[in-house]
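Source file: upload.txt. Holds: compact mmCIF, C-alpha atoms.
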```txt
# COMPACT_ATOMS: atom_id res chain seq x y z
CA MET Q 30 164.81 246.38 62.38
CA SER Q 31 164.62 248.01 65.81
CA ASP Q 32 166.54 251.19 66.53
CA ALA Q 33 169.68 249.81 68.18
CA SER Q 34 170.89 253.28 69.11
CA THR Q 35 167.96 254.07 71.41
CA SER Q 36 166.72 250.70 72.71
CA ALA Q 37 167.83 249.30 76.06
CA PRO Q 38 170.70 246.78 75.88
CA LEU Q 39 169.74 243.19 75.17
CA LEU Q 40 173.06 242.05 76.64
CA ARG Q 41 175.16 244.09 79.05
CA VAL Q 42 178.52 242.93 80.39
CA ARG Q 43 180.66 244.83 82.88
CA ASP Q 44 184.14 243.77 84.04
CA LEU Q 45 183.86 240.13 82.94
CA GLN Q 46 186.70 238.01 84.29
CA ILE Q 47 187.26 234.33 83.44
CA GLU Q 48 189.88 232.12 85.08
CA PHE Q 49 190.70 228.45 84.56
CA GLY Q 50 192.39 226.13 87.04
CA ARG Q 51 191.97 223.64 89.85
CA HIS Q 52 191.68 224.79 93.43
CA ASP Q 53 195.25 223.65 94.13
CA THR Q 54 196.86 225.45 91.18
CA THR Q 55 197.45 229.06 90.20
CA PRO Q 56 194.53 229.99 87.91
CA VAL Q 57 195.09 231.12 84.34
CA LYS Q 58 193.34 234.41 83.53
CA ALA Q 59 191.75 233.93 80.12
CA VAL Q 60 189.50 237.01 80.05
CA LYS Q 61 190.38 240.23 81.86
CA GLY Q 62 187.80 242.93 82.45
CA ILE Q 63 185.58 242.75 79.36
CA ASP Q 64 182.88 245.43 78.91
CA LEU Q 65 180.29 244.87 76.20
CA GLU Q 66 176.80 246.06 75.25
CA LEU Q 67 174.55 244.74 72.51
CA ARG Q 68 171.10 246.01 71.58
CA GLN Q 69 168.22 244.25 69.86
CA GLY Q 70 168.88 243.92 66.14
CA GLU Q 71 172.52 244.94 66.48
CA SER Q 72 175.51 242.86 65.39
CA ILE Q 73 179.04 242.92 66.71
CA ALA Q 74 182.12 241.03 65.52
CA LEU Q 75 184.48 239.76 68.21
CA VAL Q 76 187.81 239.38 66.41
CA GLY Q 77 191.26 238.18 67.37
CA GLU Q 78 193.59 235.24 67.08
CA SER Q 79 193.03 231.78 68.52
CA GLY Q 80 193.60 231.94 72.28
CA SER Q 81 192.62 235.60 72.62
CA GLY Q 82 189.55 234.74 74.74
CA LYS Q 83 186.77 235.20 72.16
CA SER Q 84 185.05 231.83 72.53
CA ALA Q 85 185.42 231.73 76.32
CA THR Q 86 183.80 235.16 76.50
CA ALA Q 87 180.87 234.13 74.32
CA LEU Q 88 180.33 230.79 76.07
CA SER Q 89 180.13 232.57 79.42
CA PHE Q 90 177.03 234.49 78.29
CA ALA Q 91 174.95 231.30 78.68
CA ARG Q 92 177.19 229.81 81.39
CA LEU Q 93 178.34 227.02 79.08
CA LEU Q 94 181.86 226.87 80.53
CA PRO Q 95 182.13 224.07 83.13
CA GLU Q 96 182.50 225.61 86.59
CA PRO Q 97 185.03 224.41 87.79
CA PRO Q 98 187.60 224.51 86.22
CA ALA Q 99 186.26 227.86 84.95
CA ARG Q 100 185.50 230.69 87.36
CA ILE Q 101 183.36 233.51 85.97
CA THR Q 102 182.89 236.83 87.74
CA ALA Q 103 181.47 240.16 86.61
CA GLN Q 104 180.07 243.37 88.03
CA GLU Q 105 177.15 242.74 85.67
CA MET Q 106 176.28 240.17 83.03
CA SER Q 107 172.62 240.60 82.19
CA LEU Q 108 170.27 239.47 79.42
CA LYS Q 109 167.19 241.68 79.04
CA GLY Q 110 167.92 243.04 82.51
CA LYS Q 111 168.15 239.60 84.18
CA GLU Q 112 171.45 238.79 85.89
CA ILE Q 113 172.89 235.64 84.28
CA LEU Q 114 175.40 234.87 87.05
CA LYS Q 115 172.54 234.64 89.57
CA MET Q 116 170.48 232.17 87.52
CA ASN Q 117 170.01 228.58 88.70
CA GLU Q 118 170.27 225.57 86.39
CA ALA Q 119 166.56 225.59 85.52
CA GLN Q 120 166.70 229.27 84.58
CA LEU Q 121 169.85 228.71 82.51
CA ARG Q 122 168.19 225.86 80.61
CA GLY Q 123 165.42 228.32 79.82
CA ILE Q 124 167.74 230.79 78.10
CA ARG Q 125 170.05 228.29 76.38
CA GLY Q 126 168.73 227.82 72.87
CA LYS Q 127 165.60 229.89 73.50
CA GLU Q 128 167.10 233.31 74.30
CA ILE Q 129 170.75 232.71 73.30
CA ALA Q 130 171.56 230.26 70.50
CA TYR Q 131 174.98 229.16 69.28
CA ILE Q 132 176.42 228.08 65.94
CA PHE Q 133 179.78 226.38 66.39
CA GLN Q 134 182.79 226.03 64.09
CA GLU Q 135 182.48 222.41 63.02
CA PRO Q 136 179.01 221.20 62.06
CA THR Q 137 180.40 217.67 61.63
CA THR Q 138 181.16 217.52 65.36
CA SER Q 139 178.12 219.53 66.49
CA LEU Q 140 175.55 217.33 64.72
CA ASN Q 141 174.85 213.84 66.06
CA PRO Q 142 175.94 211.40 63.34
CA VAL Q 143 173.38 208.71 64.24
CA LEU Q 144 170.28 210.92 64.33
CA THR Q 145 168.34 212.31 61.37
CA ILE Q 146 167.97 216.01 60.74
CA ARG Q 147 164.27 215.70 61.68
CA THR Q 148 165.14 214.21 65.07
CA GLN Q 149 167.82 216.77 65.92
CA ILE Q 150 165.86 219.89 65.02
CA GLY Q 151 162.68 218.32 66.42
CA GLU Q 152 164.34 217.94 69.84
CA ALA Q 153 165.12 221.66 69.91
CA LEU Q 154 161.51 222.50 69.01
CA ALA Q 155 160.11 220.12 71.63
CA LEU Q 156 162.28 221.73 74.31
CA HIS Q 157 161.87 225.42 73.47
CA ARG Q 158 158.76 225.80 71.29
CA PRO Q 159 155.74 224.36 73.14
CA ASP Q 160 153.57 226.43 70.78
CA VAL Q 161 154.45 223.99 67.97
CA PRO Q 162 152.35 220.80 68.31
CA LYS Q 163 154.08 217.47 67.73
CA ALA Q 164 151.98 216.91 64.60
CA GLY Q 165 153.18 220.22 63.16
CA ARG Q 166 156.92 219.85 63.85
CA ASP Q 167 157.81 218.54 60.40
CA ASP Q 168 156.19 221.56 58.75
CA GLU Q 169 158.03 223.89 61.14
CA ILE Q 170 161.36 222.18 60.46
CA VAL Q 171 160.79 222.38 56.71
CA LYS Q 172 159.98 226.08 57.05
CA TRP Q 173 163.34 226.78 58.69
CA LEU Q 174 165.27 224.54 56.30
CA ASP Q 175 163.70 226.54 53.47
CA LYS Q 176 164.69 229.82 55.17
CA VAL Q 177 168.34 228.80 55.28
CA GLY Q 178 168.34 227.79 51.61
CA ILE Q 179 168.28 223.99 51.72
CA VAL Q 180 166.70 222.58 48.57
CA ASP Q 181 164.33 219.58 48.73
CA SER Q 182 163.97 220.39 52.41
CA ARG Q 183 161.22 217.86 53.15
CA LYS Q 184 163.36 215.09 51.70
CA ARG Q 185 166.27 216.20 53.90
CA LEU Q 186 164.26 215.46 57.05
CA ARG Q 187 165.25 211.79 56.73
CA ALA Q 188 168.91 212.55 55.98
CA TYR Q 189 171.81 211.88 58.34
CA PRO Q 190 174.58 214.48 58.68
CA HIS Q 191 177.12 212.45 56.68
CA GLU Q 192 174.76 212.55 53.70
CA LEU Q 193 175.05 216.35 53.51
CA SER Q 194 177.89 218.58 52.33
CA GLY Q 195 179.75 220.79 54.82
CA GLY Q 196 177.84 223.86 53.66
CA MET Q 197 174.49 222.10 54.02
CA GLN Q 198 175.43 220.83 57.49
CA GLN Q 199 176.21 224.40 58.54
CA ARG Q 200 172.84 225.53 57.17
CA VAL Q 201 171.17 222.80 59.23
CA MET Q 202 172.99 224.11 62.32
CA ILE Q 203 171.72 227.62 61.56
CA ALA Q 204 168.17 226.32 61.09
CA MET Q 205 168.39 224.44 64.40
CA ALA Q 206 169.60 227.57 66.18
CA LEU Q 207 166.97 229.86 64.65
CA CYS Q 208 163.90 227.61 64.88
CA CYS Q 209 163.65 228.44 68.59
CA GLN Q 210 163.52 232.15 67.67
CA PRO Q 211 166.38 233.35 69.91
CA LYS Q 212 166.95 237.01 70.65
CA LEU Q 213 170.72 236.57 70.37
CA LEU Q 214 172.65 234.35 67.95
CA ILE Q 215 176.31 233.68 68.68
CA ALA Q 216 178.16 232.40 65.62
CA ASP Q 217 181.59 231.05 66.60
CA GLU Q 218 183.79 230.88 63.49
CA PRO Q 219 180.81 229.61 61.44
CA THR Q 220 182.74 229.44 58.15
CA THR Q 221 186.06 227.93 59.28
CA ALA Q 222 185.67 224.53 57.58
CA LEU Q 223 184.02 225.87 54.42
CA ASP Q 224 185.46 226.93 51.07
CA VAL Q 225 185.43 230.60 50.11
CA THR Q 226 182.29 230.44 47.97
CA ILE Q 227 180.26 228.74 50.73
CA GLN Q 228 181.70 231.16 53.31
CA LYS Q 229 180.20 234.07 51.37
CA GLN Q 230 176.83 232.31 51.10
CA ILE Q 231 176.72 231.61 54.86
CA MET Q 232 177.65 235.18 55.79
CA ASP Q 233 175.08 236.60 53.36
CA LEU Q 234 172.51 234.24 54.88
CA LEU Q 235 173.26 235.41 58.44
CA ALA Q 236 173.02 239.05 57.36
CA GLN Q 237 169.66 238.44 55.65
CA LEU Q 238 168.20 236.47 58.57
CA ARG Q 239 169.33 239.15 61.00
CA ARG Q 240 167.37 241.74 59.00
CA ASP Q 241 164.32 239.51 58.58
CA LEU Q 242 164.11 238.42 62.24
CA ASP Q 243 165.40 241.59 63.98
CA MET Q 244 167.93 239.37 65.69
CA SER Q 245 171.15 240.35 67.44
CA ILE Q 246 174.35 238.58 66.40
CA ILE Q 247 177.76 238.16 67.96
CA LEU Q 248 180.13 236.93 65.26
CA ILE Q 249 183.35 235.39 66.55
CA THR Q 250 186.10 235.31 63.96
CA HIS Q 251 189.78 235.79 63.28
CA ASN Q 252 188.97 236.73 59.67
CA LEU Q 253 188.57 240.48 59.27
CA GLY Q 254 187.71 239.94 55.62
CA ILE Q 255 184.21 238.57 56.33
CA ILE Q 256 182.82 241.02 58.88
CA ARG Q 257 181.88 244.07 56.79
CA ASP Q 258 178.49 242.85 55.58
CA VAL Q 259 177.37 241.25 58.86
CA ALA Q 260 178.55 243.44 61.75
CA ASP Q 261 177.75 247.00 62.83
CA ARG Q 262 180.64 247.17 65.29
CA VAL Q 263 183.92 245.39 65.95
CA ALA Q 264 185.57 244.53 69.26
CA VAL Q 265 189.20 243.45 68.90
CA MET Q 266 190.48 241.01 71.54
CA PHE Q 267 194.13 240.52 72.42
CA ARG Q 268 195.39 238.41 75.32
CA GLY Q 269 192.01 238.31 77.02
CA GLU Q 270 191.18 242.00 76.72
CA ILE Q 271 189.22 244.16 74.31
CA VAL Q 272 191.86 246.57 73.04
CA GLU Q 273 189.78 248.46 70.48
CA THR Q 274 186.13 248.78 69.56
CA GLY Q 275 184.17 250.87 67.09
CA PRO Q 276 182.07 250.87 63.90
CA VAL Q 277 183.22 248.34 61.30
CA ASP Q 278 184.14 250.83 58.58
CA GLU Q 279 186.02 253.05 61.04
CA ILE Q 280 188.09 250.17 62.44
CA LEU Q 281 188.89 248.75 59.01
CA ARG Q 282 189.75 252.17 57.56
CA SER Q 283 191.75 253.70 60.42
CA PRO Q 284 192.59 251.29 63.26
CA LYS Q 285 194.16 252.89 66.33
CA HIS Q 286 195.63 250.01 68.35
CA PRO Q 287 198.91 248.42 67.16
CA TYR Q 288 197.39 244.92 67.41
CA THR Q 289 194.44 245.87 65.21
CA LYS Q 290 196.84 247.35 62.68
CA ALA Q 291 198.91 244.16 62.79
CA LEU Q 292 195.83 241.98 62.26
CA LEU Q 293 194.75 244.02 59.25
CA ALA Q 294 198.25 243.92 57.79
CA CYS Q 295 198.06 240.10 57.79
CA VAL Q 296 195.00 240.03 55.52
CA PRO Q 297 196.06 239.22 51.92
CA ARG Q 298 194.75 241.73 49.38
CA MET Q 299 193.77 241.17 45.78
CA GLY Q 300 196.35 242.48 43.32
CA MET Q 301 199.16 242.77 45.87
CA LYS Q 302 202.36 240.94 44.99
CA GLN Q 303 204.06 239.60 48.09
CA SER Q 304 206.79 237.00 48.35
CA ARG Q 305 205.73 236.24 51.95
CA LEU Q 306 202.61 236.80 54.00
CA THR Q 307 202.83 239.41 56.75
CA THR Q 308 203.06 238.08 60.32
CA ILE Q 309 202.57 239.79 63.67
CA ASP Q 310 205.61 241.05 65.55
CA TYR Q 311 204.60 240.35 69.14
CA SER Q 312 207.71 241.96 70.56
CA ALA Q 313 206.38 245.30 69.36
CA LEU Q 314 203.09 244.69 71.23
CA ALA Q 315 204.59 243.79 74.59
```

In structure tokens, what does this structure look like?
Amino acid sequence: MSDASTSAPLLRVRDLQIEFGRHDTTPVKAVKGIDLELRQGESIALVGESGSGKSATALSFARLLPEPPARITAQEMSLKGKEILKMNEAQLRGIRGKEIAYIFQEPTTSLNPVLTIRTQIGEALALHRPDVPKAGRDDEIVKWLDKVGIVDSRKRLRAYPHELSGGMQQRVMIAMALCCQPKLLIADEPTTALDVTIQKQIMDLLAQLRRDLDMSIILITHNLGIIRDVADRVAVMFRGEIVETGPVDEILRSPKHPYTKALLACVPRMGMKQSRLTTIDYSALA
């Protein structure tokens, strides 16, 4: 793995602002002044509740938010030194999937139900991996299905998404994202629809692939219980702003911001007897 502490930033974001609204309405400010840096091989967890701005922030890195109604501005938003907000559509198509790949929450809605696994991963290879000849695509797909732990991978080429379990569908999504060898993988709540055992397998898989491929990861989650083995750093988002950031162990052990403390207090702990789960008192955070 590259030395993340000394290498130049892979992704650098300065004063990112995202608004939503029509031209004739008062815009809603969803993201307010985000600063973020990520180096090659580094992983950061972007944590917070639904509506805190995590997904909007991550989607803006490849300009995947429709503009309008979204309006994205920043002093800087660069990938490997290239300014993303100045890219045209052709340049953006070049980084989407190839440089920045996404894994979304629900594989059942991300995979096309009427296309086989071969067809869907093959399309990504055809678009972003011209080095892989058409005759060799099946072997390349099988290689990545093997990497993500799918058994009988060659047989799965002919499968449709509904013929696979939720965990296997998510592994297919990871294989599809990684087969184009991106520099940055953005995993947006990748374990939401999975049971606890499969969640652990998927997170272990992401951690292992990150080490093997020297890949950077942005993990978007509201679950502080899954970040320790995957992320180096944590950025906590609240109402569109990053309110606290730091190394994972430091944030989990001694959080400074009241919202971070409240989030951690909501995580159930083994052996603790509680009649009710802890909830966040927003009046104390106003």

Please provide the set of residues having any atom within 12 Å of Glu192 in chain Q, restricted to only C-alpha atoms, with same-chain residues fewer than 6 positions apart removed, written as an mmCIF file with C-alpha atoms, in the coordinates of the input.
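Okay, this is what ended up in selection.cif:
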```cif
data_model
loop_
_atom_site.group_PDB
_atom_site.id
_atom_site.type_symbol
_atom_site.label_atom_id
_atom_site.label_comp_id
_atom_site.auth_asym_id
_atom_site.auth_seq_id
_atom_site.Cartn_x
_atom_site.Cartn_y
_atom_site.Cartn_z
ATOM 1 C CA THR Q 137 180.400 217.670 61.630
ATOM 2 C CA PRO Q 142 175.940 211.400 63.340
ATOM 3 C CA VAL Q 143 173.380 208.710 64.240
ATOM 4 C CA LEU Q 144 170.280 210.920 64.330
ATOM 5 C CA THR Q 145 168.340 212.310 61.370
ATOM 6 C CA ILE Q 146 167.970 216.010 60.740
ATOM 7 C CA LYS Q 184 163.360 215.090 51.700
ATOM 8 C CA ARG Q 185 166.270 216.200 53.900
ATOM 9 C CA LEU Q 186 164.260 215.460 57.050
ATOM 10 C CA GLN Q 198 175.430 220.830 57.490
#
```

Polymer residues at most 8 Å from Met205 in chain Q, all atoms listed in the file, same-chain spacing of 6 or more positions, as a ChimeraX atom specification: /Q:149-150,153,173

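Minimum distance to Ser79 in chain Q across Q:Ala204, Q:Ala59, Q:Leu154, Q:Ala294 (counting all atoms listed in the file) occurs at Q:Ala59.
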
For range 89-93 of chain Q: contacts at 12 Å, all atoms listed in the file, fewer than 5 positions along chain excluded, given as a PyMOL selection string: chain Q and resi 39-43+45-48+59-60+63+65-66+82-84+98-103+105-108+111-118+120-131+213-215+247

Contacts of Glu152 in chain Q at 12 Å (all atoms listed in the file; same-chain gap of 4+ positions) as an NGL selection string: :Q and (126 or 141 or 144-148 or 156-159 or 161 or 163 or 166-167 or 170 or 205-206 or 208-209)

Can you write out the residues you just picked, keeping C-alpha atoms, as an mmCIF file, keeping the file's coordinate frame?
```cif
data_model
loop_
_atom_site.group_PDB
_atom_site.id
_atom_site.type_symbol
_atom_site.label_atom_id
_atom_site.label_comp_id
_atom_site.auth_asym_id
_atom_site.auth_seq_id
_atom_site.Cartn_x
_atom_site.Cartn_y
_atom_site.Cartn_z
ATOM 1 C CA GLY Q 126 168.730 227.820 72.870
ATOM 2 C CA ASN Q 141 174.850 213.840 66.060
ATOM 3 C CA LEU Q 144 170.280 210.920 64.330
ATOM 4 C CA THR Q 145 168.340 212.310 61.370
ATOM 5 C CA ILE Q 146 167.970 216.010 60.740
ATOM 6 C CA ARG Q 147 164.270 215.700 61.680
ATOM 7 C CA THR Q 148 165.140 214.210 65.070
ATOM 8 C CA LEU Q 156 162.280 221.730 74.310
ATOM 9 C CA HIS Q 157 161.870 225.420 73.470
ATOM 10 C CA ARG Q 158 158.760 225.800 71.290
ATOM 11 C CA PRO Q 159 155.740 224.360 73.140
ATOM 12 C CA VAL Q 161 154.450 223.990 67.970
ATOM 13 C CA LYS Q 163 154.080 217.470 67.730
ATOM 14 C CA ARG Q 166 156.920 219.850 63.850
ATOM 15 C CA ASP Q 167 157.810 218.540 60.400
ATOM 16 C CA ILE Q 170 161.360 222.180 60.460
ATOM 17 C CA MET Q 205 168.390 224.440 64.400
ATOM 18 C CA ALA Q 206 169.600 227.570 66.180
ATOM 19 C CA CYS Q 208 163.900 227.610 64.880
ATOM 20 C CA CYS Q 209 163.650 228.440 68.590
#
```

Straight-line distance linking CA of Lys58 in chain Q with CA of Glu135 in chain Q, stated in Å to one decimal: 26.1 Å

Within 6 Å of Ala264 in chain Q, counting all atoms listed in the file, which residues qualify if same-chain residues fewer than 4 places away don't, as a compact mmCIF listing (two decimals) with C-alpha atoms, in the coordinates of the input?
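New file result-v5.txt:
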```
# COMPACT_ATOMS: atom_id res chain seq x y z
CA LEU Q 75 184.48 239.76 68.21
CA GLU Q 273 189.78 248.46 70.48
CA THR Q 274 186.13 248.78 69.56
```

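Of the residues under consideration (Q:Ile179, Q:Met202, Q:Val259, Q:Ala37), Q:Val259 shows the shortest atom-to-atom contact distance to Ala74 in chain Q when counting all atoms listed in the file.
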
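Shortest atom-to-atom contact with Leu248 in chain Q among Q:Ser72, Q:Thr55, Q:Gln210, Q:Gln199: Q:Ser72, counting all atoms listed in the file.
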